[in-house]
file model_8.tsv (TSV, C-alpha atoms)
chain	number	residue	atom	x	y	z
R	211	MET	CA	15.71	117.86	-10.74
R	212	MET	CA	14.83	115.71	-7.72
R	213	THR	CA	16.65	112.42	-7.30
R	214	ILE	CA	14.96	109.05	-6.84
R	215	THR	CA	15.73	109.21	-3.12
R	216	ASP	CA	14.36	112.76	-2.82
R	217	LEU	CA	11.13	111.80	-4.60
R	218	HIS	CA	10.70	108.68	-2.47
R	219	ASN	CA	11.38	110.45	0.85
R	220	LYS	CA	8.96	113.27	0.03
R	221	ALA	CA	6.30	110.74	-1.02
R	222	MET	CA	6.68	108.85	2.27
R	223	ASP	CA	6.41	112.07	4.30
R	224	ILE	CA	3.14	112.97	2.57
R	225	ALA	CA	1.85	109.38	2.91
R	226	ASP	CA	2.49	109.54	6.67
R	227	VAL	CA	0.31	112.67	6.89
R	228	ALA	CA	-2.33	110.90	4.79
R	229	ASP	CA	-2.33	107.99	7.24
R	230	ILE	CA	-2.97	110.40	10.10
R	231	LYS	CA	-5.80	112.13	8.26
R	232	ARG	CA	-7.38	108.78	7.41
R	233	ASN	CA	-7.22	107.69	11.07
R	234	GLU	CA	-8.82	110.99	12.07
R	235	GLY	CA	-11.71	110.26	9.71
R	236	CYS	CA	-10.75	112.94	7.15
R	237	LYS	CA	-11.11	110.52	4.25
R	238	ASP	CA	-11.35	113.02	1.37
R	239	GLU	CA	-8.27	114.89	2.58
R	240	ALA	CA	-6.44	111.59	3.04
R	241	VAL	CA	-7.22	110.47	-0.52
R	242	SER	CA	-5.96	113.79	-1.88
R	243	LEU	CA	-2.70	113.40	0.03
R	244	TYR	CA	-2.30	109.78	-1.07
R	245	LYS	CA	-2.70	110.98	-4.68
R	246	GLU	CA	0.05	113.56	-4.14
R	247	ALA	CA	2.30	110.92	-2.59
R	248	PHE	CA	1.51	108.51	-5.43
R	249	ASP	CA	2.53	111.02	-8.11
R	250	LEU	CA	5.94	111.43	-6.45
R	251	GLU	CA	6.47	107.71	-5.77
R	252	ALA	CA	5.45	106.80	-9.32
R	253	GLN	CA	8.07	109.22	-10.62
R	254	ALA	CA	10.68	107.63	-8.38
R	255	ALA	CA	9.67	104.09	-9.40
R	256	ASN	CA	9.66	104.87	-13.12
R	257	LEU	CA	13.07	106.56	-12.89
R	258	ALA	CA	14.42	103.53	-11.04
R	259	HIS	CA	13.04	101.19	-13.70
R	260	GLN	CA	14.27	103.30	-16.63
R	261	ASN	CA	17.75	103.63	-15.14
R	262	ASN	CA	17.84	99.93	-14.20
R	263	ILE	CA	19.16	100.58	-10.69
R	264	GLY	CA	18.72	96.90	-9.86
R	265	GLU	CA	16.71	94.66	-7.56
R	266	PRO	CA	15.21	94.73	-5.05
R	267	SER	CA	15.09	98.54	-5.29
R	268	VAL	CA	13.06	98.67	-8.51
R	269	SER	CA	10.35	96.25	-7.41
R	270	ILE	CA	10.16	97.81	-3.92
R	271	LEU	CA	9.53	101.26	-5.40
R	272	LEU	CA	7.00	99.91	-7.91
R	273	ARG	CA	5.19	98.03	-5.14
R	274	SER	CA	5.14	101.17	-2.98
R	275	ALA	CA	3.75	103.28	-5.83
R	276	ALA	CA	1.13	100.61	-6.59
R	277	SER	CA	0.06	100.54	-2.95
R	278	LEU	CA	-0.33	104.35	-2.90
R	279	ALA	CA	-2.34	104.17	-6.14
R	280	LEU	CA	-4.69	101.72	-4.43
R	281	SER	CA	-5.05	104.08	-1.45
R	282	CYS	CA	-6.35	106.83	-3.73
R	283	ASN	CA	-8.57	104.52	-5.80
R	284	LEU	CA	-6.39	104.50	-8.94
R	285	TYR	CA	-6.91	100.81	-9.57
R	286	ARG	CA	-5.75	100.73	-13.17
R	287	GLU	CA	-2.54	102.59	-12.30
R	288	SER	CA	-1.88	100.17	-9.45
R	289	GLU	CA	-2.50	97.21	-11.76
R	290	LYS	CA	-0.03	98.51	-14.34
R	291	LEU	CA	2.71	99.14	-11.77
R	292	ILE	CA	2.30	95.67	-10.26
R	293	SER	CA	2.44	94.09	-13.71
R	294	LEU	CA	5.58	96.07	-14.53
R	295	ALA	CA	7.24	94.90	-11.31
R	296	LEU	CA	6.29	91.25	-11.89
R	297	SER	CA	7.57	91.40	-15.47
R	298	GLY	CA	11.08	91.85	-14.08
R	299	GLU	CA	12.93	89.64	-11.62
R	300	PRO	CA	11.74	90.70	-8.17
R	301	PRO	CA	12.88	88.66	-5.15
R	302	PHE	CA	10.47	85.86	-4.24
R	303	GLU	CA	9.12	87.57	-1.10
R	304	ILE	CA	8.44	90.83	-2.92
R	305	ALA	CA	6.84	88.96	-5.84
R	306	GLU	CA	4.45	87.31	-3.37
R	307	GLU	CA	3.61	90.70	-1.87
R	308	LEU	CA	2.96	92.07	-5.36
R	309	ARG	CA	0.58	89.19	-6.11
R	310	ASP	CA	-1.24	89.82	-2.82
R	311	LEU	CA	-1.49	93.49	-3.75
R	312	MET	CA	-2.94	92.52	-7.14
R	313	GLU	CA	-5.62	90.50	-5.31
R	314	ASN	CA	-6.49	93.65	-3.37
R	315	VAL	CA	-6.70	95.68	-6.58
R	316	ASN	CA	-9.06	93.13	-8.13
R	317	PHE	CA	-11.10	93.05	-4.94
R	318	PHE	CA	-11.58	96.81	-4.96
R	319	ARG	CA	-12.65	96.62	-8.57
R	320	HIS	CA	-15.24	94.01	-7.59
R	321	LEU	CA	-16.56	96.46	-4.99
R	322	GLU	CA	-17.51	98.78	-7.84
R	323	LEU	CA	-21.26	98.68	-8.46
R	324	LYS	CA	-20.80	98.11	-12.23
R	325	GLY	CA	-24.15	99.45	-13.29
R	326	ILE	CA	-26.00	98.29	-10.17
R	327	GLU	CA	-27.89	101.08	-8.39
R	328	LEU	CA	-28.15	100.78	-4.61
R	329	ALA	CA	-30.82	102.46	-2.52
R	330	GLU	CA	-30.03	103.88	0.92
R	331	ASN	CA	-31.39	100.71	2.55
R	332	GLU	CA	-29.17	98.42	0.45
R	333	VAL	CA	-25.60	97.19	0.61
R	334	GLN	CA	-23.46	95.15	-1.73
R	335	LEU	CA	-21.38	92.48	-0.03
R	336	VAL	CA	-18.33	90.99	-1.72
R	337	ILE	CA	-16.13	88.08	-0.67
R	338	ALA	CA	-12.99	86.88	-2.42
R	339	GLY	CA	-10.36	84.24	-1.88
R	340	LYS	CA	-8.95	80.92	-2.98
R	341	GLY	CA	-12.22	79.16	-2.19
R	342	ILE	CA	-14.38	81.61	-4.16
R	343	GLY	CA	-14.99	80.92	-7.85
R	344	PHE	CA	-16.47	83.01	-10.64
R	345	GLY	CA	-19.95	83.33	-9.19
R	346	TYR	CA	-19.61	80.25	-6.96
R	347	ALA	CA	-18.83	79.85	-3.27
R	348	LYS	CA	-19.54	77.41	-0.45
R	349	ALA	CA	-23.06	78.16	0.71
R	350	GLU	CA	-22.01	78.47	4.35
R	351	GLU	CA	-19.45	81.18	3.48
R	352	VAL	CA	-22.23	83.32	2.01
R	353	ILE	CA	-25.21	82.43	4.21
R	354	ASP	CA	-23.30	82.80	7.50
R	355	ARG	CA	-22.09	86.27	6.52
R	356	ILE	CA	-25.55	87.38	5.41
R	357	GLU	CA	-27.03	86.29	8.74
R	358	THR	CA	-24.16	87.90	10.63
R	359	PHE	CA	-24.61	91.20	8.79
R	360	GLN	CA	-28.32	91.07	9.57
R	361	ASN	CA	-27.52	90.61	13.27
R	362	LEU	CA	-25.14	93.57	13.12
R	363	ALA	CA	-27.92	95.67	11.60
R	364	ILE	CA	-30.53	94.67	14.19
R	365	ARG	CA	-28.16	95.24	17.12
R	366	THR	CA	-27.16	98.61	15.67
R	367	VAL	CA	-30.80	99.67	15.41
R	368	GLU	CA	-31.43	98.64	19.02
R	369	ARG	CA	-28.29	100.42	20.26
R	370	LYS	CA	-29.03	103.62	18.33
R	371	ALA	CA	-32.60	103.52	19.64
R	372	GLY	CA	-31.22	103.60	23.20
R	373	ARG	CA	-32.39	100.12	24.14
R	374	SER	CA	-30.56	98.02	26.72
R	375	PHE	CA	-28.81	95.03	25.19
R	376	ARG	CA	-31.37	92.29	24.54
R	377	LYS	CA	-29.95	89.08	26.02
R	378	ASN	CA	-32.82	86.94	24.76
R	379	GLY	CA	-36.34	87.17	23.46
R	380	PRO	CA	-37.68	88.55	20.17
R	381	VAL	CA	-36.88	91.86	18.51
R	382	ALA	CA	-39.22	94.68	19.54
R	383	THR	CA	-42.31	95.05	17.35
R	384	GLU	CA	-41.31	98.47	16.01
R	385	HIS	CA	-38.04	97.03	14.73
R	386	LYS	CA	-39.30	93.75	13.31
R	387	LYS	CA	-39.77	95.08	9.80
R	388	PHE	CA	-36.06	95.82	9.71
R	389	CYS	CA	-35.42	92.12	10.27
R	390	ASN	CA	-36.74	91.40	6.81
R	391	TYR	CA	-33.97	91.31	4.24
R	392	TYR	CA	-33.99	90.56	0.54
R	393	ILE	CA	-31.06	89.21	-1.47
R	394	SER	CA	-30.42	90.03	-5.10
R	395	SER	CA	-29.28	87.47	-7.64
R	396	VAL	CA	-25.59	86.75	-7.22
R	397	ARG	CA	-23.26	88.65	-9.56
R	398	ALA	CA	-20.17	86.93	-10.86
R	399	ALA	CA	-17.41	89.06	-9.43
R	400	SER	CA	-15.37	87.59	-6.65
R	401	MET	CA	-18.77	86.83	-5.11
R	402	ALA	CA	-21.03	89.87	-5.02
R	403	PHE	CA	-24.67	90.21	-4.05
R	404	SER	CA	-26.94	92.93	-2.71
R	405	ILE	CA	-29.00	92.94	0.47
R	406	ARG	CA	-32.02	95.18	0.95
R	407	PHE	CA	-33.36	95.72	4.46
R	408	GLY	CA	-36.98	96.41	5.33
R	409	ALA	CA	-40.25	95.52	3.66
R	410	PRO	CA	-40.60	96.21	-0.09
R	411	GLY	CA	-41.16	99.93	-0.62
R	412	GLN	CA	-40.22	100.76	2.97
R	413	MET	CA	-37.57	103.49	2.97
R	414	THR	CA	-37.84	104.77	6.54
R	415	LEU	CA	-37.15	103.17	9.88
R	416	PRO	CA	-39.13	104.13	13.01
R	417	GLY	CA	-37.03	106.46	15.17
R	418	PHE	CA	-34.47	107.20	12.45
R	419	ASN	CA	-34.25	109.59	9.52
R	420	ASN	CA	-33.32	106.80	7.13
R	421	TYR	CA	-31.56	103.47	6.77
R	422	GLU	CA	-28.42	105.19	5.58
R	423	SER	CA	-27.53	106.30	9.11
R	424	ILE	CA	-27.69	102.70	10.37
R	425	ILE	CA	-25.59	101.32	7.51
R	426	ASP	CA	-23.06	104.16	7.94
R	427	ASP	CA	-22.71	103.31	11.62
R	428	ILE	CA	-22.02	99.66	10.80
R	429	THR	CA	-19.47	100.35	8.07
R	430	ASP	CA	-17.67	103.08	10.05
R	431	ASN	CA	-17.29	100.77	13.04
R	432	ILE	CA	-16.12	97.85	10.91
R	433	ALA	CA	-13.47	100.16	9.43
R	434	LEU	CA	-12.27	101.04	12.94
R	435	ILE	CA	-11.87	97.35	13.81
R	436	ASN	CA	-10.01	96.77	10.55
R	437	GLU	CA	-7.65	99.63	11.47
R	438	ASN	CA	-7.39	98.31	15.06
R	439	ASN	CA	-8.59	101.72	16.29
R	440	ILE	CA	-10.40	100.30	19.31
R	441	ASP	CA	-10.18	103.49	21.39
R	442	LYS	CA	-12.29	105.28	18.79
R	443	LEU	CA	-14.64	102.30	18.62
R	444	LYS	CA	-15.17	102.49	22.39
R	445	GLU	CA	-16.11	106.16	22.04
R	446	ARG	CA	-18.74	105.22	19.48
R	447	ILE	CA	-20.06	102.11	21.29
R	448	GLU	CA	-19.94	102.88	25.01
R	449	ASP	CA	-22.05	99.97	26.26
R	450	PRO	CA	-19.71	96.97	26.90
R	451	ALA	CA	-22.35	94.45	25.81
R	452	TYR	CA	-22.90	96.15	22.47
R	453	LEU	CA	-19.13	96.59	22.07
R	454	ASN	CA	-18.52	92.88	22.70
R	455	ASN	CA	-21.32	91.98	20.33
R	456	PHE	CA	-20.12	94.20	17.50
R	457	MET	CA	-16.52	93.01	17.71
R	458	ALA	CA	-17.53	89.34	17.86
R	459	LEU	CA	-19.93	89.65	14.92
R	460	THR	CA	-17.32	91.52	12.88
R	461	LYS	CA	-14.92	88.65	13.56
R	462	GLU	CA	-17.49	86.29	12.01
R	463	LEU	CA	-17.70	88.49	8.91
R	464	ALA	CA	-13.92	88.64	8.56
R	465	PRO	CA	-11.82	86.51	6.21
R	466	ASP	CA	-10.70	83.16	7.56
R	467	GLY	CA	-7.38	83.54	5.74
R	468	ASP	CA	-7.97	80.31	3.84
R	469	THR	CA	-11.19	80.05	1.85
R	470	VAL	CA	-11.95	83.78	2.10
R	471	ASN	CA	-9.15	86.36	2.04
R	472	LEU	CA	-11.15	89.55	1.63
R	473	PHE	CA	-14.57	90.87	2.64
R	474	GLY	CA	-16.03	94.18	1.54
R	475	ILE	CA	-19.16	96.30	1.67
R	476	THR	CA	-20.35	98.91	-0.80
R	477	SER	CA	-23.03	101.28	0.48
R	478	ILE	CA	-24.50	104.66	-0.44
R	479	LYS	CA	-23.85	107.88	1.48
R	480	ASN	CA	-25.19	111.22	0.28
R	481	GLY	CA	-25.82	109.62	-3.08
R	482	LYS	CA	-22.23	108.39	-3.52
R	483	PRO	CA	-20.88	104.83	-3.21
R	484	ILE	CA	-18.72	104.15	-0.14
R	485	LYS	CA	-16.41	101.12	-0.02
R	486	THR	CA	-15.53	99.48	3.29
R	487	THR	CA	-13.01	96.64	3.41
R	488	LEU	CA	-12.35	94.07	6.10
R	489	THR	CA	-8.94	92.58	5.41
R	490	SER	CA	-7.99	91.71	8.99
R	491	ASN	CA	-8.59	87.98	9.42
R	492	ARG	CA	-10.48	86.29	12.24
R	493	GLY	CA	-7.31	85.44	14.14
R	494	GLU	CA	-6.16	89.06	14.10
R	495	ILE	CA	-9.52	90.32	15.32
R	496	ALA	CA	-9.58	87.63	18.03
R	497	ASN	CA	-6.20	88.95	19.21
R	498	THR	CA	-7.62	92.47	19.25
R	499	ILE	CA	-10.54	91.28	21.38
R	500	ARG	CA	-8.15	89.61	23.84
R	501	ASN	CA	-5.94	92.65	24.13
R	502	VAL	CA	-8.60	95.30	24.66
R	503	SER	CA	-8.48	96.36	28.31
R	504	SER	CA	-11.62	97.30	30.24
R	505	ASN	CA	-12.50	96.84	33.89
R	506	GLU	CA	-15.93	98.44	33.75
R	507	ASN	CA	-17.91	95.20	33.57
R	508	VAL	CA	-17.07	91.95	35.34
R	509	ASP	CA	-18.58	90.02	32.42
R	510	SER	CA	-16.69	91.93	29.76
R	511	ILE	CA	-14.56	89.93	27.35
R	512	THR	CA	-12.37	93.00	27.08
R	513	ASP	CA	-10.66	92.47	30.46
R	514	ILE	CA	-8.11	89.87	29.43
R	515	SER	CA	-4.95	91.41	30.91
R	516	HIS	CA	-4.19	88.44	33.14
R	517	SER	CA	-1.39	85.94	33.40
R	518	GLU	CA	-1.41	82.92	31.09
R	519	ASP	CA	-2.11	80.52	33.92
R	520	MET	CA	-5.66	81.92	34.16
R	521	ASN	CA	-6.38	81.54	30.42
R	522	PHE	CA	-7.38	78.15	28.98
R	523	ARG	CA	-8.28	76.51	25.67
R	524	ILE	CA	-10.42	73.41	25.13
R	525	GLU	CA	-12.25	71.61	22.35
R	526	GLY	CA	-15.67	70.00	22.51
R	527	ILE	CA	-19.34	70.21	21.58
R	528	LEU	CA	-21.18	73.37	22.60
R	529	LYS	CA	-24.46	72.77	24.41
R	530	ALA	CA	-27.02	75.27	25.61
R	531	ALA	CA	-27.15	75.33	29.39
R	532	SER	CA	-29.17	78.17	30.86
R	533	ALA	CA	-30.51	81.40	29.45
R	534	LYS	CA	-31.20	82.65	32.98
R	535	THR	CA	-27.60	82.30	34.13
R	536	ASN	CA	-26.23	83.13	30.66
R	537	SER	CA	-24.02	80.05	30.57
R	538	VAL	CA	-23.23	77.16	28.23
R	539	ASP	CA	-21.74	73.70	28.58
R	540	ILE	CA	-18.81	72.30	26.62
R	541	ILE	CA	-18.82	68.50	26.33
R	542	GLN	CA	-15.27	67.27	25.77
R	543	GLU	CA	-14.31	64.08	23.93
R	544	SER	CA	-13.71	62.42	27.31
R	545	GLY	CA	-17.34	63.10	28.23
R	546	ASP	CA	-16.40	65.68	30.84
R	547	SER	CA	-18.50	68.83	30.87
R	548	ILE	CA	-17.33	72.38	31.60
R	549	ARG	CA	-19.76	75.21	32.23
R	550	LEU	CA	-18.79	78.69	30.99
R	551	LYS	CA	-20.36	82.05	31.70
R	552	VAL	CA	-21.13	83.91	28.48
R	553	PRO	CA	-20.32	87.65	28.56
R	554	ASP	CA	-23.13	90.04	27.71
R	555	GLY	CA	-23.14	90.59	23.99
R	556	LEU	CA	-21.94	87.16	22.87
R	557	SER	CA	-25.28	85.36	22.77
R	558	ASP	CA	-25.62	85.93	19.00
R	559	ILE	CA	-22.31	84.15	18.42
R	560	VAL	CA	-22.92	81.31	20.87
R	561	LYS	CA	-26.25	80.45	19.25
R	562	LYS	CA	-24.53	80.01	15.91
R	563	TYR	CA	-22.34	77.20	17.29
R	564	TRP	CA	-24.83	75.23	19.42
R	565	ASP	CA	-24.35	71.46	18.99
R	566	ASP	CA	-21.21	72.06	16.90
R	567	ASN	CA	-17.61	71.07	17.51
R	568	VAL	CA	-15.84	74.19	18.71
R	569	VAL	CA	-12.55	75.48	20.04
R	570	ILE	CA	-13.14	77.59	23.14
R	571	GLU	CA	-10.90	80.06	24.96
R	572	TYR	CA	-11.91	80.92	28.50
R	573	MET	CA	-10.43	82.51	31.59
R	574	LYS	CA	-10.66	82.83	35.36
R	575	LYS	CA	-10.86	86.34	36.78
R	576	THR	CA	-8.72	85.22	39.73
R	577	PRO	CA	-6.66	82.05	40.31
R	578	LYS	CA	-9.17	80.73	42.87
R	579	SER	CA	-12.30	81.72	40.95
R	580	LYS	CA	-14.73	78.90	40.19
R	581	THR	CA	-16.51	80.88	37.48
R	582	LEU	CA	-15.09	80.39	34.00
R	583	HIS	CA	-15.61	83.21	31.50
R	584	LEU	CA	-15.85	82.63	27.76
R	585	ILE	CA	-13.33	84.74	25.77
R	586	ASN	CA	-13.47	83.43	22.23
R	587	ILE	CA	-15.19	80.72	20.21
R	588	GLU	CA	-14.30	79.21	16.83
R	589	GLY	CA	-15.90	76.45	14.81
R	590	LYS	CA	-13.82	73.30	14.37
R	591	GLU	CA	-13.84	71.33	11.12
call {"tool": "encode", "arguments": {"input": "model_8.tsv", "output": "structure tokens"}}
result
Amino acid sequence: MMTITDLHNKAMDIADVADIKRNEGCKDEAVSLYKEAFDLEAQAANLAHQNNIGEPSVSILLRSAASLALSCNLYRESEKLISLALSGEPPFEIAEELRDLMENVNFFRHLELKGIELAENEVQLVIAGKGIGFGYAKAEEVIDRIETFQNLAIRTVERKAGRSFRKNGPVATEHKKFCNYYISSVRAASMAFSIRFGAPGQMTLPGFNNYESIIDDITDNIALINENNIDKLKERIEDPAYLNNFMALTKELAPDGDTVNLFGITSIKNGKPIKTTLTSNRGEIANTIRNVSSNENVDSITDISHSEDMNFRIEGILKAASAKTNSVDIIQESGDSIRLKVPDGLSDIVKKYWDDNVVIEYMKKTPKSKTLHLINIEGKE
């Protein structure tokens, strides 16, 4: 008979392989391996609990088994293991981690369609957090994310159609119908609602087989950002402007870590529901944006590998300056104005914050450079 240590070590070895398979995009194989690892870790955790080997070992093993159960979509099993761990006397830090894990379990359950049928041109969006009630949320938390997801969809259509990044001007006529989106009545979960793209009855998109391919592209790329797999993201989005745009828009979708802790998407692929989660918060994604290294485009926000004395942070009111020069002005409290060059791809984000109080990060490409390049922008309460 295997010991608790043997069961745990074997479970961790299999989980490591599952992590690799998941990162390689072999999701079905990864889930199967996570299930195998869960079965072993659950045995180890239950043996530890039955034999009362003491804390923190018992709660650590139960937490680990619950996390593996979540990875292979065994939500009820995860819930039971977390409850068992919390019914004991786990250390404070582990108890907090268990409660956070329970939030994740509940969130994944909210991502279930629960009798709702989605078409290939529909997605279900779910947000959860301390500021989200049973069917209630601040309007801006919902509306901003709906508009951001719409922008992601439009930009994805344009990129997949082979168009150069549109810095300004209207969407091309052949893609305008995709700009229409329809929102279902809100369902009382964490905060769940469906979005349908296209005109009523329209199930095809000019130049594409179906809407499903566009939605798949969005969700797959969001998953890569959540996993911080930026090398793979660059392979999928080669144009720096579109890359900048996608990362910046995903940051706007992401949890703020305060009001919203979790954001998720349920979509349909080959007739089956696919769940995509965005648990990385805006600060973490902003760090990812800063740390991505690229020297291919002088205007790229991804070339931030410079010394701190060339990076700056200011607060002020964002004002539109010039569409031709792709720049904006920041009016500080003192009345002083600073003009910043906006990298290709960030126009969608900048427009959102016009005339608002913002916190801006910008940089100089060289110590003597007079041109200041926008890196990151955040709204300020």
call {"tool": "atom_distance", "arguments": {"input": "model_8.tsv", "atom1": "atom CA of Tyr572 of chain R", "atom2": "atom CA of Asn431 of chain R"}}
result
25.7 Å
call {"tool": "atom_distance", "arguments": {"input": "model_8.tsv", "atom1": "atom CA of Asp223 of chain R", "atom2": "atom CA of Ala433 of chain R"}}
result
23.7 Å
call {"tool": "residues_around", "arguments": {"input": "model_8.tsv", "residues": "segment 522-531 of chain R", "least_positions_apart": "6", "cutoff": "7 Å", "atoms": "all atoms listed in the file", "output": "list in words"}}
result
Ser537, Val538, Asp539, Ile540, Ile541, Gln542, Glu543, Tyr563, Trp564, Asp565, Asp566, Asn567, Val568, Val569, Ile570, Glu571, Tyr572 and Met573 of chain R
call {"tool": "closest_residue", "arguments": {"input": "model_8.tsv", "among": "R:Tyr392, R:Tyr244, R:Phe456, R:Phe375", "to": "Ile495 of chain R", "atoms": "all atoms listed in the file"}}
result
R:Phe456
call {"tool": "residues_around", "arguments": {"input": "model_8.tsv", "residues": "Arg309 of chain R", "least_positions_apart": "6", "cutoff": "12 Å", "atoms": "all atoms listed in the file", "output": "mmCIF file with C-alpha atoms, keeping the file's coordinate frame"}}
result
data_model
loop_
_atom_site.group_PDB
_atom_site.id
_atom_site.type_symbol
_atom_site.label_atom_id
_atom_site.label_comp_id
_atom_site.auth_asym_id
_atom_site.auth_seq_id
_atom_site.Cartn_x
_atom_site.Cartn_y
_atom_site.Cartn_z
ATOM 1 C CA ARG R 273 5.190 98.030 -5.140
ATOM 2 C CA ALA R 276 1.130 100.610 -6.590
ATOM 3 C CA SER R 277 0.060 100.540 -2.950
ATOM 4 C CA SER R 288 -1.880 100.170 -9.450
ATOM 5 C CA GLU R 289 -2.500 97.210 -11.760
ATOM 6 C CA LEU R 291 2.710 99.140 -11.770
ATOM 7 C CA ILE R 292 2.300 95.670 -10.260
ATOM 8 C CA SER R 293 2.440 94.090 -13.710
ATOM 9 C CA LEU R 294 5.580 96.070 -14.530
ATOM 10 C CA ALA R 295 7.240 94.900 -11.310
ATOM 11 C CA LEU R 296 6.290 91.250 -11.890
ATOM 12 C CA SER R 297 7.570 91.400 -15.470
ATOM 13 C CA PRO R 300 11.740 90.700 -8.170
ATOM 14 C CA PHE R 302 10.470 85.860 -4.240
ATOM 15 C CA GLU R 303 9.120 87.570 -1.100
ATOM 16 C CA VAL R 315 -6.700 95.680 -6.580
ATOM 17 C CA ASN R 316 -9.060 93.130 -8.130
#
call {"tool": "residues_around", "arguments": {"input": "model_8.tsv", "residues": "Arg365 of chain R", "least_positions_apart": "4", "cutoff": "12 Å", "atoms": "only C-alpha atoms", "output": "ChimeraX atom specification"}}
result
/R:358-361,369-377,381-382,385-386,388-389,424-425,427-428,447,449,451-457,459,555-558
call {"tool": "write_last_selection", "arguments": {"input": "model_8.tsv", "atoms": "C-alpha atoms", "output": "compact mmCIF listing (two decimals), in the coordinates of the input"}}
result
# COMPACT_ATOMS: atom_id res chain seq x y z
CA THR R 358 -24.16 87.90 10.63
CA PHE R 359 -24.61 91.20 8.79
CA GLN R 360 -28.32 91.07 9.57
CA ASN R 361 -27.52 90.61 13.27
CA ARG R 369 -28.29 100.42 20.26
CA LYS R 370 -29.03 103.62 18.33
CA ALA R 371 -32.60 103.52 19.64
CA GLY R 372 -31.22 103.60 23.20
CA ARG R 373 -32.39 100.12 24.14
CA SER R 374 -30.56 98.02 26.72
CA PHE R 375 -28.81 95.03 25.19
CA ARG R 376 -31.37 92.29 24.54
CA LYS R 377 -29.95 89.08 26.02
CA VAL R 381 -36.88 91.86 18.51
CA ALA R 382 -39.22 94.68 19.54
CA HIS R 385 -38.04 97.03 14.73
CA LYS R 386 -39.30 93.75 13.31
CA PHE R 388 -36.06 95.82 9.71
CA CYS R 389 -35.42 92.12 10.27
CA ILE R 424 -27.69 102.70 10.37
CA ILE R 425 -25.59 101.32 7.51
CA ASP R 427 -22.71 103.31 11.62
CA ILE R 428 -22.02 99.66 10.80
CA ILE R 447 -20.06 102.11 21.29
CA ASP R 449 -22.05 99.97 26.26
CA ALA R 451 -22.35 94.45 25.81
CA TYR R 452 -22.90 96.15 22.47
CA LEU R 453 -19.13 96.59 22.07
CA ASN R 454 -18.52 92.88 22.70
CA ASN R 455 -21.32 91.98 20.33
CA PHE R 456 -20.12 94.20 17.50
CA MET R 457 -16.52 93.01 17.71
CA LEU R 459 -19.93 89.65 14.92
CA GLY R 555 -23.14 90.59 23.99
CA LEU R 556 -21.94 87.16 22.87
CA SER R 557 -25.28 85.36 22.77
CA ASP R 558 -25.62 85.93 19.00
call {"tool": "residues_around", "arguments": {"input": "model_8.tsv", "residues": "segment 235-238 of chain R", "least_positions_apart": "4", "cutoff": "12 Å", "atoms": "only C-alpha atoms", "output": "VMD selection string"}}
result
chain R and resid 227 to 231 242 to 245 281 to 283 430 to 431 433 to 434 437 439 442 484 to 486
call {"tool": "atom_distance", "arguments": {"input": "model_8.tsv", "atom1": "atom CA of Val336 of chain R", "atom2": "atom CA of Phe473 of chain R"}}
result
5.8 Å
call {"tool": "residues_near_point", "arguments": {"input": "model_8.tsv", "point": "(3.8, 101.2, -4.0)", "cutoff": "12 Å", "atoms": "all atoms listed in the file", "output": "PyMOL selection string"}}
result
chain R and resi 218+221-222+225+244-245+247-256+267-282+284+287-292+294-295+304+307-308+311-312
call {"tool": "closest_residue", "arguments": {"input": "model_8.tsv", "among": "R:Lys580, R:Arg319, R:Lys590, R:Arg492", "to": "Val470 of chain R", "atoms": "all atoms listed in the file"}}
result
R:Arg492
call {"tool": "closest_residue", "arguments": {"input": "model_8.tsv", "among": "R:Met401, R:Ile435, R:Leu584, R:Ile364", "to": "Asn471 of chain R", "atoms": "only C-alpha atoms"}}
result
R:Met401
call {"tool": "closest_residue", "arguments": {"input": "model_8.tsv", "among": "R:Ile478, R:Val560, R:Ala402, R:Ile263", "to": "Glu462 of chain R", "atoms": "all atoms listed in the file"}}
result
R:Val560
call {"tool": "closest_residue", "arguments": {"input": "model_8.tsv", "among": "R:Leu550, R:Leu335, R:Met211, R:Leu488", "to": "Thr535 of chain R", "atoms": "only C-alpha atoms"}}
result
R:Leu550
call {"tool": "decode", "arguments": {"input": "model_8.tsv", "residues": "segment 551-555 of chain R", "atoms": "N, CA, C and O atoms", "output": "JSON list (two decimals), in the first residue's frame"}}
result
[["chain", "number", "residue", "atom", "x", "y", "z"],
["R", 551, "LYS", "N", 3.17, 60.56, -26.99],
["R", 551, "LYS", "CA", 2.89, 59.82, -28.23],
["R", 551, "LYS", "C", 2.21, 58.51, -27.87],
["R", 551, "LYS", "O", 2.67, 57.78, -26.99],
["R", 552, "VAL", "N", 1.11, 58.23, -28.54],
["R", 552, "VAL", "CA", 0.35, 57.00, -28.25],
["R", 552, "VAL", "C", 0.81, 55.89, -29.20],
["R", 552, "VAL", "O", 0.75, 56.05, -30.42],
["R", 553, "PRO", "N", 1.27, 54.76, -28.68],
["R", 553, "PRO", "CA", 1.70, 53.66, -29.54],
["R", 553, "PRO", "C", 0.55, 53.14, -30.40],
["R", 553, "PRO", "O", -0.62, 53.17, -29.97],
["R", 554, "ASP", "N", 0.86, 52.65, -31.58],
["R", 554, "ASP", "CA", -0.16, 52.05, -32.43],
["R", 554, "ASP", "C", -0.83, 50.91, -31.66],
["R", 554, "ASP", "O", -0.18, 50.06, -31.05],
["R", 555, "GLY", "N", -2.15, 50.93, -31.68],
["R", 555, "GLY", "CA", -2.89, 49.88, -31.01],
["R", 555, "GLY", "C", -3.57, 50.33, -29.73],
["R", 555, "GLY", "O", -4.47, 49.66, -29.24]]
